[in-house]
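Working notes, structure below.
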Amino acid sequence: MIELTVIGGYLGAGKTTLLNEILDRQDGERVAVIVNDFGTVNIDAEIIGSVDGRAWEIANGCICCDLSDGMAAAIESIRNAEPPVSRVYIEVSGVGRPEVVARWGSHPGFARGGSVVCADVISVRRDVSRKWVGETVASQLRGADRLLLTKTDLVGPEQIEDVRQWLGSQPGIDAEFVDRDQVLAGARVPGTQAAARPGCSTVDAAGNASVSDPDPSHETRTHSSWSVTITSAVDPAQLRCLVLDLPEPFVRVKGILADKRNVGQQMLVQFDGTRFETQALASHDVGGHEGKPTGGMNDPGHSAGRLVLIAAGDYPGTPEAVTTLAHALGGRVDNQT
């Protein structure tokens, strides 16, 4: 049986950082991760070849698999991998419901490891009370089997304990608090009950039949996102002003762009609704490797870079704010999801 654990948490809570640590600390154990985008997961690792379709093996023997062909295809790629893996982690989108995706742990060949929700100690209290995103964040916390406080290195022990006490006092939040080492060890949630298998019929209290569908792409959309391709190097100061000028519903911006200040240098760009930051990437972080999928955020052969912008709400088209930002940077809006 392959233990399946879901990693969730709101936008910017540290899910990808945690997954990279999982991939870096396996001690020879063969694990797999399923992610929405190869662009930011394990950018330091060498991807050495395709295992099956969109599943790619990295240098330490672990496997990365994306969701381009849907959750069912990704699950089957992992289940049929040779040599077999012992654990799989699924990263849910920042606005997804981890407890729903965790139902895949009842799929034949898998065992439920439960859901781990990352909670940023700096922003979780603020996010729960924010007009546009509060209920999304609170719902994720209520659906968690385990809670992992993240970014604890940026605050003192008193603030960490204060956030822990506050979370524990919130109605409906009854998850176990765990530390990072426990998550990396991959211990299954004790007493987790098996949920309905994907696609199985269930009957509610009123006797009405329904079909469970834990594919995250089928969730009710509470957020919208746009992909912007930037075809030239960007001035970080100009980008910062443009991002901070976005309207309040914009809660996340993330991407990898060429830095106009330094020829040949690329930077990771992140904005969580209040904080904007850039981080220089080493050349090997963005260089290509044989067998690596192309077209992601960190593929310099595809374009100078790409930004993903996320806003709370279901938008019928592209807001003027997104178009304005793209044009100011000499780029274009590629798609909306």
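In the structure tokens, the first chain shown is A, the next is B, and so on; residue numbers restart at 1 for each chain, and ligands run from 1 in the order shown.
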
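Non-sequential neighbours of A:Gln140 (distance at most 9 Å, separation of 5 or more positions within a chain, only C-alpha atoms) are Gly8, Gly9, Tyr10, Val95, Gly96, Arg97, Pro98, Glu99, Val117 and Glu135 of chain A.
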
Take the residues that were just selected and, keeping C-alpha atoms, output them as a PDB file, in the first residue's frame.
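New file part.pdb:
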```pdb
ATOM      1  CA  GLY A   8      -2.654  22.119   1.854  1.00  0.00           C
ATOM      2  CA  GLY A   9      -2.827  25.655   3.122  1.00  0.00           C
ATOM      3  CA  TYR A  10      -3.644  29.097   1.823  1.00  0.00           C
ATOM      4  CA  VAL A  95      -7.500  27.816  -2.525  1.00  0.00           C
ATOM      5  CA  GLY A  96      -8.250  24.079  -2.611  1.00  0.00           C
ATOM      6  CA  ARG A  97      -9.837  21.812   0.006  1.00  0.00           C
ATOM      7  CA  PRO A  98      -7.261  19.304   1.293  1.00  0.00           C
ATOM      8  CA  GLU A  99      -9.820  17.093   3.025  1.00  0.00           C
ATOM      9  CA  VAL A 117      -2.528  22.116   6.359  1.00  0.00           C
ATOM     10  CA  GLU A 135     -13.890  31.746   4.673  1.00  0.00           C
TER      11      GLU A 135
END
```

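The shortest atom-to-atom distance to A:Ser232, with only C-alpha atoms taken into account, belongs to A:Gly305 out of A:Gly61, A:Gly305, A:Pro247, A:Gly313.
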
Item checked: Top pick for closest residue to A:Gly113, considering A:Asp145, A:Glu277, A:Asp235, A:Glu91 and counting only C-alpha atoms ->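 Among the listed residues, A:Asp145 lies closest to A:Gly113.
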
Next item on the list: Would you list the contacts of stretch 120-124 of chain A as a PyMOL selection string, taking every protein, DNA or RNA residue within 10 Å and counting only C-alpha atoms, but skipping same-chain residues closer than 2 positions in sequence?
Entry: chain A and resi 9-14+117-118+126-130+134+137-138+141+148-155+159-164+167+272+274

Deliver the residues from the most recent selection as a file, using C-alpha atoms, as a PDB file, in the first residue's frame.
```pdb
ATOM      1  CA  GLY A   9      -2.827  25.655   3.122  1.00  0.00           C
ATOM      2  CA  TYR A  10      -3.644  29.097   1.823  1.00  0.00           C
ATOM      3  CA  LEU A  11      -1.622  30.918  -0.832  1.00  0.00           C
ATOM      4  CA  GLY A  12       1.914  31.603   0.386  1.00  0.00           C
ATOM      5  CA  ALA A  13       1.678  29.399   3.474  1.00  0.00           C
ATOM      6  CA  GLY A  14       4.837  27.440   2.590  1.00  0.00           C
ATOM      7  CA  VAL A 117      -2.528  22.116   6.359  1.00  0.00           C
ATOM      8  CA  CYS A 118       0.227  24.723   6.558  1.00  0.00           C
ATOM      9  CA  ARG A 126      -5.183  38.204   9.448  1.00  0.00           C
ATOM     10  CA  ASP A 127      -6.182  35.939   6.560  1.00  0.00           C
ATOM     11  CA  VAL A 128      -9.070  34.364   8.464  1.00  0.00           C
ATOM     12  CA  SER A 129     -10.574  37.831   8.980  1.00  0.00           C
ATOM     13  CA  ARG A 130      -9.898  39.196   5.477  1.00  0.00           C
ATOM     14  CA  GLY A 134     -11.410  34.582   5.195  1.00  0.00           C
ATOM     15  CA  VAL A 137      -8.738  29.971   4.875  1.00  0.00           C
ATOM     16  CA  ALA A 138     -11.048  29.005   7.742  1.00  0.00           C
ATOM     17  CA  LEU A 141      -8.149  24.884   8.732  1.00  0.00           C
ATOM     18  CA  LEU A 148       1.795  22.671  10.671  1.00  0.00           C
ATOM     19  CA  LEU A 149       2.804  26.178  11.734  1.00  0.00           C
ATOM     20  CA  THR A 150       5.153  27.624   9.111  1.00  0.00           C
ATOM     21  CA  LYS A 151       7.580  30.544   8.969  1.00  0.00           C
ATOM     22  CA  THR A 152       8.230  30.064  12.674  1.00  0.00           C
ATOM     23  CA  ASP A 153      11.833  31.161  12.150  1.00  0.00           C
ATOM     24  CA  LEU A 154      10.579  34.705  11.534  1.00  0.00           C
ATOM     25  CA  VAL A 155       8.871  35.176  14.918  1.00  0.00           C
ATOM     26  CA  GLN A 159       3.953  34.606  19.030  1.00  0.00           C
ATOM     27  CA  ILE A 160       4.085  30.960  17.930  1.00  0.00           C
ATOM     28  CA  GLU A 161       2.325  29.846  21.100  1.00  0.00           C
ATOM     29  CA  ASP A 162      -0.197  32.675  20.804  1.00  0.00           C
ATOM     30  CA  VAL A 163      -1.147  31.569  17.274  1.00  0.00           C
ATOM     31  CA  ARG A 164      -1.329  27.940  18.380  1.00  0.00           C
ATOM     32  CA  LEU A 167      -6.171  28.263  16.326  1.00  0.00           C
ATOM     33  CA  ASP A 272       0.945  37.162  -0.634  1.00  0.00           C
ATOM     34  CA  THR A 274       0.570  42.278   1.625  1.00  0.00           C
TER      35      THR A 274
END
```

Next item on the list: Please run DSSP on the backbone and report, as a PyMOL selection string, all residues within stretch 128-159 of chain A that come out as strand (DSSP E or B).
Entry: chain A and resi 146-150

Checklist line | DSSP alpha helix (DSSP H) selection over stretch 71-289 of chain A, as JSON, numbers by chain | finding: {"A": [71, 72, 73, 74, 75, 76, 77, 78, 79, 98, 99, 100, 101, 124, 125, 126, 127, 128, 129, 134, 135, 136, 137, 138, 139, 140, 141, 142, 157, 158, 159, 160, 161, 162, 163, 164, 165, 166, 167, 168, 169, 180, 181, 182, 183, 184, 185, 236, 237, 238, 239, 240, 241, 242, 243, 244, 283, 284, 285, 286]}

Next item on the list: Please identify all polymer residues within 8 Å of stretch 220-229 of chain A, counting only C-alpha atoms, omitting same-chain residues fewer than 2 positions from it, and present them as a ChimeraX atom specification.
Entry: /A:95,136,218,231,303-315,318,322,326,331-337

Can I get the selection written as a JSON list (two decimals), in the first residue's frame, with C-alpha atoms?
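Saved to part.json:
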```
[["chain", "number", "residue", "atom", "x", "y", "z"],
["A", 95, "VAL", "CA", -7.50, 27.82, -2.53],
["A", 136, "THR", "CA", -11.53, 29.91, 2.29],
["A", 218, "HIS", "CA", -13.84, 20.26, -10.07],
["A", 231, "THR", "CA", 9.14, 38.56, -22.91],
["A", 303, "SER", "CA", 10.31, 33.02, -22.52],
["A", 304, "ALA", "CA", 11.96, 35.54, -20.25],
["A", 305, "GLY", "CA", 9.48, 34.52, -17.58],
["A", 306, "ARG", "CA", 5.93, 34.08, -16.41],
["A", 307, "LEU", "CA", 3.77, 35.48, -13.62],
["A", 308, "VAL", "CA", 0.63, 33.96, -12.18],
["A", 309, "LEU", "CA", -1.85, 36.38, -10.58],
["A", 310, "ILE", "CA", -4.65, 35.12, -8.32],
["A", 311, "ALA", "CA", -7.68, 37.09, -7.15],
["A", 312, "ALA", "CA", -10.59, 36.19, -4.90],
["A", 313, "GLY", "CA", -13.83, 35.78, -6.84],
["A", 314, "ASP", "CA", -15.10, 34.22, -10.06],
["A", 315, "TYR", "CA", -14.24, 36.58, -12.92],
["A", 318, "THR", "CA", -9.52, 39.43, -17.61],
["A", 322, "VAL", "CA", -4.11, 42.32, -15.09],
["A", 326, "ALA", "CA", 1.08, 42.87, -18.46],
["A", 331, "GLY", "CA", 4.12, 41.07, -21.71],
["A", 332, "ARG", "CA", 0.82, 39.41, -22.57],
["A", 333, "VAL", "CA", -1.99, 37.63, -20.76],
["A", 334, "ASP", "CA", -1.97, 34.00, -21.89],
["A", 335, "ASN", "CA", -4.93, 32.43, -20.15],
["A", 336, "GLN", "CA", -7.38, 32.49, -17.27],
["A", 337, "THR", "CA", -8.24, 29.56, -14.99]]
```

Next item on the list: Tell me, in Å to one decimal, how far atom CA of A:Arg180 is from atom CA of A:Gly273.
Entry: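 For atom CA of A:Arg180 relative to atom CA of A:Gly273, the distance reads 25.1 Å.
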
Checklist line | Residue neighbourhood A:Gln238, 10 Å, only C-alpha atoms, exclusion window fewer than 4 positions, as a PyMOL selection string | finding: chain A and resi 234+242-243+328-329

Margin query: As an exercise, work out the distance from atom CA of A:Asn262 to atom CA of A:Pro236 in Å and give it to one decimal place.
Written below: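 One can read the atom CA of A:Asn262 to atom CA of A:Pro236 distance as 10.7 Å.
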